[in-house]
Structure formats: structure tokens, C-alpha cells
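As stored in query-v3.csv (CSV, N, CA and C atoms):
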chain,number,residue,atom,x,y,z
A,1,MET,N,100.5,98.6,76.0
A,1,MET,CA,100.6,99.2,77.4
A,1,MET,C,101.9,100.0,77.4
A,2,LYS,N,101.8,101.2,78.0
A,2,LYS,CA,103.0,102.0,78.1
A,2,LYS,C,103.9,101.6,79.2
A,3,THR,N,105.1,102.0,79.1
A,3,THR,CA,106.1,101.6,80.1
A,3,THR,C,105.8,102.0,81.5
A,4,TRP,N,105.3,103.2,81.7
A,4,TRP,CA,105.1,103.7,83.0
A,4,TRP,C,103.9,103.0,83.6
A,5,THR,N,103.0,102.5,82.8
A,5,THR,CA,101.8,101.8,83.3
A,5,THR,C,102.3,100.4,83.8
A,6,ARG,N,103.2,99.8,83.1
A,6,ARG,CA,103.7,98.5,83.5
A,6,ARG,C,104.5,98.7,84.8
A,7,TRP,N,105.2,99.7,85.0
A,7,TRP,CA,106.0,100.0,86.2
A,7,TRP,C,105.0,100.2,87.4
A,8,MET,N,103.9,100.9,87.1
A,8,MET,CA,102.9,101.1,88.1
A,8,MET,C,102.3,99.8,88.6
A,9,TYR,N,101.9,98.9,87.6
A,9,TYR,CA,101.4,97.6,88.0
A,9,TYR,C,102.4,96.8,88.8
A,10,LEU,N,103.6,96.9,88.4
A,10,LEU,CA,104.7,96.1,89.1
A,10,LEU,C,104.8,96.6,90.5
A,11,ILE,N,104.9,97.9,90.7
A,11,ILE,CA,105.0,98.4,92.0
A,11,ILE,C,103.8,98.1,92.9
A,12,ALA,N,102.6,98.2,92.3
A,12,ALA,CA,101.4,97.8,93.1
A,12,ALA,C,101.4,96.4,93.5
A,13,ALA,N,101.9,95.5,92.6
A,13,ALA,CA,101.9,94.1,92.9
A,13,ALA,C,102.9,93.8,94.0
A,14,LEU,N,104.1,94.5,93.9
A,14,LEU,CA,105.1,94.3,95.0
A,14,LEU,C,104.6,94.8,96.3
A,15,VAL,N,103.9,95.9,96.3
A,15,VAL,CA,103.4,96.4,97.6
A,15,VAL,C,102.3,95.5,98.2
A,16,ALA,N,101.5,95.0,97.3
A,16,ALA,CA,100.4,94.0,97.8
A,16,ALA,C,101.1,92.7,98.3
A,17,ALA,N,102.1,92.3,97.6
A,17,ALA,CA,102.8,91.1,98.1
A,17,ALA,C,103.5,91.3,99.5
A,18,PHE,N,104.1,92.5,99.6
A,18,PHE,CA,104.7,92.9,100.9
A,18,PHE,C,103.7,92.9,102.0
A,19,VAL,N,102.6,93.5,101.8
A,19,VAL,CA,101.5,93.6,102.8
A,19,VAL,C,101.0,92.2,103.2
A,20,ALA,N,100.8,91.4,102.2
A,20,ALA,CA,100.3,90.0,102.4
A,20,ALA,C,101.3,89.2,103.3
A,21,VAL,N,102.6,89.3,102.9
A,21,VAL,CA,103.6,88.5,103.6
A,21,VAL,C,103.8,89.1,105.0
A,22,SER,N,103.8,90.4,105.2
A,22,SER,CA,104.0,90.9,106.5
A,22,SER,C,102.8,90.6,107.4
A,23,SER,N,101.6,90.6,106.8
A,23,SER,CA,100.4,90.2,107.7
A,23,SER,C,100.4,88.8,108.1
A,24,VAL,N,100.9,87.9,107.2
A,24,VAL,CA,101.0,86.5,107.6
A,24,VAL,C,102.1,86.3,108.7
A,25,VAL,N,103.2,87.0,108.5
A,25,VAL,CA,104.3,87.0,109.6
A,25,VAL,C,103.8,87.5,110.9
A,26,GLN,N,103.0,88.6,110.9
A,26,GLN,CA,102.5,89.1,112.1
A,26,GLN,C,101.4,88.2,112.7
A,27,ALA,N,100.7,87.5,111.9
A,27,ALA,CA,99.7,86.5,112.4
A,27,ALA,C,100.4,85.4,113.1
A,28,ILE,N,101.5,84.9,112.5
A,28,ILE,CA,102.2,83.8,113.1
A,28,ILE,C,102.8,84.3,114.4
A,29,ARG,N,103.3,85.5,114.5
A,29,ARG,CA,103.9,85.9,115.8
A,29,ARG,C,102.9,86.1,116.8
A,30,GLN,N,101.7,86.6,116.5
A,30,GLN,CA,100.6,86.8,117.4
A,30,GLN,C,99.8,85.5,117.8
A,31,GLY,N,99.9,84.6,116.9
A,31,GLY,CA,99.1,83.4,117.1
A,31,GLY,C,97.6,83.5,116.9
A,32,SER,N,97.2,84.5,116.0
A,32,SER,CA,95.8,84.7,115.7
A,32,SER,C,95.6,85.1,114.3
A,33,TRP,N,94.4,85.0,113.8
A,33,TRP,CA,94.0,85.3,112.4
A,33,TRP,C,93.7,86.8,112.2
A,34,GLY,N,93.8,87.6,113.3
A,34,GLY,CA,93.4,89.0,113.2
A,34,GLY,C,94.2,89.8,112.1
A,35,PRO,N,95.5,89.7,112.0
A,35,PRO,CA,96.2,90.5,111.0
A,35,PRO,C,95.8,90.0,109.5
A,36,VAL,N,95.5,88.8,109.3
A,36,VAL,CA,95.1,88.3,108.0
A,36,VAL,C,93.7,88.8,107.7
A,37,VAL,N,92.9,88.7,108.6
A,37,VAL,CA,91.5,89.2,108.4
A,37,VAL,C,91.4,90.7,108.2
A,38,SER,N,92.3,91.4,108.8
A,38,SER,CA,92.3,92.9,108.7
A,38,SER,C,92.7,93.4,107.3
A,39,VAL,N,93.5,92.6,106.5
A,39,VAL,CA,93.9,92.9,105.2
A,39,VAL,C,93.2,92.1,104.1
A,40,GLY,N,92.1,91.4,104.5
A,40,GLY,CA,91.4,90.5,103.6
A,40,GLY,C,90.7,91.3,102.5
A,41,TRP,N,90.4,92.6,102.7
A,41,TRP,CA,89.7,93.4,101.7
A,41,TRP,C,90.6,93.7,100.5
A,42,ILE,N,91.9,93.6,100.6
A,42,ILE,CA,92.8,94.1,99.6
A,42,ILE,C,92.6,93.3,98.3
A,43,PRO,N,92.5,91.9,98.3
A,43,PRO,CA,92.3,91.3,97.0
A,43,PRO,C,91.0,91.7,96.3
A,44,ALA,N,89.9,92.0,97.0
A,44,ALA,CA,88.7,92.5,96.4
A,44,ALA,C,88.9,93.8,95.7
A,45,VAL,N,89.7,94.7,96.3
A,45,VAL,CA,89.9,96.0,95.7
A,45,VAL,C,90.8,95.8,94.4
A,46,ILE,N,91.8,94.9,94.5
A,46,ILE,CA,92.6,94.7,93.3
A,46,ILE,C,91.8,94.2,92.2
A,47,VAL,N,90.9,93.2,92.4
A,47,VAL,CA,90.1,92.6,91.4
A,47,VAL,C,89.2,93.7,90.8
A,48,ALA,N,88.6,94.5,91.7
A,48,ALA,CA,87.6,95.5,91.2
A,48,ALA,C,88.3,96.6,90.4
A,49,ALA,N,89.5,96.9,90.7
A,49,ALA,CA,90.3,98.0,90.1
A,49,ALA,C,91.1,97.5,88.8
A,50,TRP,N,91.2,96.3,88.6
A,50,TRP,CA,91.9,95.7,87.5
A,50,TRP,C,91.3,96.2,86.2
A,51,PRO,N,92.1,96.6,85.2
A,51,PRO,CA,91.6,97.1,83.9
A,51,PRO,C,90.8,96.0,83.2
A,52,GLY,N,89.6,96.3,82.7
A,52,GLY,CA,88.8,95.3,82.0
A,52,GLY,C,87.9,94.5,82.9
A,53,ALA,N,87.9,94.8,84.2
A,53,ALA,CA,87.1,94.0,85.1
A,53,ALA,C,85.6,94.3,84.9
A,54,ASN,N,85.3,95.5,84.4
A,54,ASN,CA,83.9,95.9,84.2
A,54,ASN,C,83.3,95.5,82.8
A,55,ARG,N,84.1,94.9,82.0
A,55,ARG,CA,83.7,94.5,80.6
A,55,ARG,C,82.8,93.3,80.6
A,56,ARG,N,82.9,92.4,81.6
A,56,ARG,CA,82.2,91.1,81.6
A,56,ARG,C,80.9,91.3,82.4
A,57,CYS,N,79.9,91.9,81.8
A,57,CYS,CA,78.6,92.0,82.5
A,57,CYS,C,77.6,91.1,81.8
A,58,LEU,N,76.6,90.8,82.6
A,58,LEU,CA,75.5,89.9,82.0
A,58,LEU,C,74.6,90.7,81.1
A,59,PRO,N,74.1,90.1,80.0
A,59,PRO,CA,73.3,90.9,79.1
A,59,PRO,C,71.9,91.2,79.8
A,60,ARG,N,71.3,92.2,79.3
A,60,ARG,CA,70.0,92.6,79.9
A,60,ARG,C,68.9,91.6,79.4
A,61,ARG,N,67.9,91.4,80.3
A,61,ARG,CA,66.8,90.5,80.0
A,61,ARG,C,65.9,91.2,79.1
A,62,ARG,N,65.4,90.5,78.1
A,62,ARG,CA,64.5,91.1,77.1
A,62,ARG,C,63.0,91.1,77.6
A,63,ASN,N,62.7,90.1,78.4
A,63,ASN,CA,61.3,90.0,78.9
A,63,ASN,C,61.2,90.5,80.3
A,64,PRO,N,60.0,91.1,80.7
A,64,PRO,CA,59.9,91.6,82.0
A,64,PRO,C,59.9,90.5,83.1
A,65,ALA,N,60.3,90.9,84.3
A,65,ALA,CA,60.3,89.9,85.4
A,65,ALA,C,58.9,89.6,85.8
A,66,ARG,N,58.7,88.3,86.2
A,66,ARG,CA,57.4,87.9,86.6
A,66,ARG,C,57.1,88.0,88.0

Encoded form using C-alpha cells:
Amino acid sequence: MKTWTRWMYLIAALVAAFVAVSSVVQAIRQGSWGPVVSVGWIPAVIVAAWPGANRRCLPRRRNPAR
């Protein structure tokens, strides 16, 4: 992996951590789960965009569906 790619992943991880911590702090201040729920989609996007996430697919079925 190249150096600039590592820096990009590091910066993205720091931004994600900052957003997560700030949403938890805002949720504590407001006394509701609203801020945490509003950023709940971020982990799904990170997992889907992570390199190599599309390599682990199920094999095709050889026989037709019944």
C-alpha cells in the first residue's frame, strides 16, 4: 500500500471517529438518541467501501431453483 493511501485511510478514520464522538456528546446534551441515529449509516458505508469487501461472495448454485 502506498504512503498516500495510508494517509487517506488514517484521515478518514479520524474523521469518522470525530463524527461518532461528537454525535454521542450531542446526544448526551440533548438527552435523546436522535443524533446517534442520524449518523448510524456511516459504519455501513465504511464497511461497503472498504477495499476487498466485494471479494467474499457466495458461489453460484449449480442446480436450478425448485

**Picked from chain A by DSSP as helix (DSSP H, G or I), as a ChimeraX atom specification** = /A:3-30,34-38,42-49

Go ahead and write the selection's residues with N, CA and C atoms as a compact mmCIF listing (two decimals), in the frame of the given file.
# COMPACT_ATOMS: atom_id res chain seq x y z
N THR A 3 105.10 102.00 79.10
CA THR A 3 106.10 101.60 80.10
C THR A 3 105.80 102.00 81.50
N TRP A 4 105.30 103.20 81.70
CA TRP A 4 105.10 103.70 83.00
C TRP A 4 103.90 103.00 83.60
N THR A 5 103.00 102.50 82.80
CA THR A 5 101.80 101.80 83.30
C THR A 5 102.30 100.40 83.80
N ARG A 6 103.20 99.80 83.10
CA ARG A 6 103.70 98.50 83.50
C ARG A 6 104.50 98.70 84.80
N TRP A 7 105.20 99.70 85.00
CA TRP A 7 106.00 100.00 86.20
C TRP A 7 105.00 100.20 87.40
N MET A 8 103.90 100.90 87.10
CA MET A 8 102.90 101.10 88.10
C MET A 8 102.30 99.80 88.60
N TYR A 9 101.90 98.90 87.60
CA TYR A 9 101.40 97.60 88.00
C TYR A 9 102.40 96.80 88.80
N LEU A 10 103.60 96.90 88.40
CA LEU A 10 104.70 96.10 89.10
C LEU A 10 104.80 96.60 90.50
N ILE A 11 104.90 97.90 90.70
CA ILE A 11 105.00 98.40 92.00
C ILE A 11 103.80 98.10 92.90
N ALA A 12 102.60 98.20 92.30
CA ALA A 12 101.40 97.80 93.10
C ALA A 12 101.40 96.40 93.50
N ALA A 13 101.90 95.50 92.60
CA ALA A 13 101.90 94.10 92.90
C ALA A 13 102.90 93.80 94.00
N LEU A 14 104.10 94.50 93.90
CA LEU A 14 105.10 94.30 95.00
C LEU A 14 104.60 94.80 96.30
N VAL A 15 103.90 95.90 96.30
CA VAL A 15 103.40 96.40 97.60
C VAL A 15 102.30 95.50 98.20
N ALA A 16 101.50 95.00 97.30
CA ALA A 16 100.40 94.00 97.80
C ALA A 16 101.10 92.70 98.30
N ALA A 17 102.10 92.30 97.60
CA ALA A 17 102.80 91.10 98.10
C ALA A 17 103.50 91.30 99.50
N PHE A 18 104.10 92.50 99.60
CA PHE A 18 104.70 92.90 100.90
C PHE A 18 103.70 92.90 102.00
N VAL A 19 102.60 93.50 101.80
CA VAL A 19 101.50 93.60 102.80
C VAL A 19 101.00 92.20 103.20
N ALA A 20 100.80 91.40 102.20
CA ALA A 20 100.30 90.00 102.40
C ALA A 20 101.30 89.20 103.30
N VAL A 21 102.60 89.30 102.90
CA VAL A 21 103.60 88.50 103.60
C VAL A 21 103.80 89.10 105.00
N SER A 22 103.80 90.40 105.20
CA SER A 22 104.00 90.90 106.50
C SER A 22 102.80 90.60 107.40
N SER A 23 101.60 90.60 106.80
CA SER A 23 100.40 90.20 107.70
C SER A 23 100.40 88.80 108.10
N VAL A 24 100.90 87.90 107.20
CA VAL A 24 101.00 86.50 107.60
C VAL A 24 102.10 86.30 108.70
N VAL A 25 103.20 87.00 108.50
CA VAL A 25 104.30 87.00 109.60
C VAL A 25 103.80 87.50 110.90
N GLN A 26 103.00 88.60 110.90
CA GLN A 26 102.50 89.10 112.10
C GLN A 26 101.40 88.20 112.70
N ALA A 27 100.70 87.50 111.90
CA ALA A 27 99.70 86.50 112.40
C ALA A 27 100.40 85.40 113.10
N ILE A 28 101.50 84.90 112.50
CA ILE A 28 102.20 83.80 113.10
C ILE A 28 102.80 84.30 114.40
N ARG A 29 103.30 85.50 114.50
CA ARG A 29 103.90 85.90 115.80
C ARG A 29 102.90 86.10 116.80
N GLN A 30 101.70 86.60 116.50
CA GLN A 30 100.60 86.80 117.40
C GLN A 30 99.80 85.50 117.80
N GLY A 34 93.80 87.60 113.30
CA GLY A 34 93.40 89.00 113.20
C GLY A 34 94.20 89.80 112.10
N PRO A 35 95.50 89.70 112.00
CA PRO A 35 96.20 90.50 111.00
C PRO A 35 95.80 90.00 109.50
N VAL A 36 95.50 88.80 109.30
CA VAL A 36 95.10 88.30 108.00
C VAL A 36 93.70 88.80 107.70
N VAL A 37 92.90 88.70 108.60
CA VAL A 37 91.50 89.20 108.40
C VAL A 37 91.40 90.70 108.20
N SER A 38 92.30 91.40 108.80
CA SER A 38 92.30 92.90 108.70
C SER A 38 92.70 93.40 107.30
N ILE A 42 91.90 93.60 100.60
CA ILE A 42 92.80 94.10 99.60
C ILE A 42 92.60 93.30 98.30
N PRO A 43 92.50 91.90 98.30
CA PRO A 43 92.30 91.30 97.00
C PRO A 43 91.00 91.70 96.30
N ALA A 44 89.90 92.00 97.00
CA ALA A 44 88.70 92.50 96.40
C ALA A 44 88.90 93.80 95.70
N VAL A 45 89.70 94.70 96.30
CA VAL A 45 89.90 96.00 95.70
C VAL A 45 90.80 95.80 94.40
N ILE A 46 91.80 94.90 94.50
CA ILE A 46 92.60 94.70 93.30
C ILE A 46 91.80 94.20 92.20
N VAL A 47 90.90 93.20 92.40
CA VAL A 47 90.10 92.60 91.40
C VAL A 47 89.20 93.70 90.80
N ALA A 48 88.60 94.50 91.70
CA ALA A 48 87.60 95.50 91.20
C ALA A 48 88.30 96.60 90.40
N ALA A 49 89.50 96.90 90.70
CA ALA A 49 90.30 98.00 90.10
C ALA A 49 91.10 97.50 88.80

Do you have, as JSON lines, the list of residues of range 17-42 of chain A lying at most 8 Å from range 10-13 of chain A, each with its nearest atom pair and that distance in Å to one decimal, counting all atoms listed in the file and ordered by chain then number?
{"residue": "A:Ala17", "atom": "N", "partner": "A:Ala13", "partner_atom": "C", "distance": 4.0}
{"residue": "A:Phe18", "atom": "N", "partner": "A:Ala13", "partner_atom": "C", "distance": 5.9}
{"residue": "A:Val19", "atom": "N", "partner": "A:Ala13", "partner_atom": "C", "distance": 7.8}

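Here CA of Ile46 in chain A is placed at a distance of 24.6 Å from CA of Ile28 in chain A.
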
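Here CA of Pro51 in chain A stands at a distance of 10.6 Å from CA of Tyr9 in chain A.
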
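CA of Ile42 in chain A is positioned 7.8 Å from CA of Ala16 in chain A.
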
**Asked** Neighbours of Val39 in chain A within 8 Å (only N, CA and C atoms; same-chain residues fewer than 5 positions away dropped), as a PyMOL selection string?
**Response** chain A and resi 19-20+23+34+44
